[in-house]
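Please read the structure below before turning to the comments.
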Amino acid sequence: MAEKFPTPQERAMAWLLEATEIGGMSRPETALYAYQAGFTAALDLCIEIEQSINETEETDDRTA
């Protein structure tokens, strides 16, 4: 069964809903915070994809 990854839009909306602490920040602080959050989200997505690929390969190796 294939796992559905959230779209970038879905991830952005989820992050915006969770980002309650940006209300009192200046524009540069907000930009830096958003950059860091985006980088972390991208890295997390890469790790999820890599783990999914590895799990699929392990399953394929066991069934072969």
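Just so we're on the same page: first chain in the structure tokens is A, next is B, and so on; residues restart at 1 for each chain, and ligands are numbered from 1 in the order they show up.
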Q: May I have the residues within 10 Å of Glu48 in chain A as a PyMOL selection string, using only C-alpha atoms and disregarding those fewer than 6 positions away in the same chain?
A: chain A and resi 5+42+54
Just all heavy atoms for this one: save the residues we selected as a PDB file, in the first residue's frame.
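This is the output file selection.pdb:
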```pdb
ATOM      1  N   PHE A   5       2.024  11.305   0.757  1.00  0.00           N
ATOM      2  CA  PHE A   5       2.733  12.397   1.406  1.00  0.00           C
ATOM      3  C   PHE A   5       1.926  13.683   1.240  1.00  0.00           C
ATOM      4  O   PHE A   5       1.338  13.911   0.186  1.00  0.00           O
ATOM      5  CB  PHE A   5       4.126  12.589   0.790  1.00  0.00           C
ATOM      6  CG  PHE A   5       5.074  11.475   1.126  1.00  0.00           C
ATOM      7  CD1 PHE A   5       5.377  10.496   0.206  1.00  0.00           C
ATOM      8  CD2 PHE A   5       5.658  11.407   2.381  1.00  0.00           C
ATOM      9  CE1 PHE A   5       6.242   9.467   0.520  1.00  0.00           C
ATOM     10  CE2 PHE A   5       6.529  10.379   2.705  1.00  0.00           C
ATOM     11  CZ  PHE A   5       6.826   9.411   1.767  1.00  0.00           C
ATOM     12  N   ALA A  42      11.585  20.594   5.080  1.00  0.00           N
ATOM     13  CA  ALA A  42      12.133  19.949   3.882  1.00  0.00           C
ATOM     14  C   ALA A  42      13.030  18.777   4.258  1.00  0.00           C
ATOM     15  O   ALA A  42      12.973  17.710   3.630  1.00  0.00           O
ATOM     16  CB  ALA A  42      12.901  20.968   3.044  1.00  0.00           C
ATOM     17  N   ASN A  54      13.450   2.867   1.835  1.00  0.00           N
ATOM     18  CA  ASN A  54      14.187   1.770   2.479  1.00  0.00           C
ATOM     19  C   ASN A  54      13.250   0.672   2.950  1.00  0.00           C
ATOM     20  O   ASN A  54      13.561  -0.507   2.811  1.00  0.00           O
ATOM     21  CB  ASN A  54      15.024   2.297   3.639  1.00  0.00           C
ATOM     22  CG  ASN A  54      16.204   3.112   3.171  1.00  0.00           C
ATOM     23  OD1 ASN A  54      16.632   3.004   2.030  1.00  0.00           O
ATOM     24  ND2 ASN A  54      16.726   3.952   4.046  1.00  0.00           N
TER      25      ASN A  54
END
```
(Q) Could you pull out the alpha helix (DSSP H) residues of chain A, going by DSSP on the backbone, and write them as number ranges by chain? (A) A: 8-18, 27-63
Q: Point out the residue among A:Glu58, A:Leu45, A:Pro28, A:Tyr35 with the least atom-to-atom distance to Thr7 in chain A, counting only C-alpha atoms.
A: A:Leu45
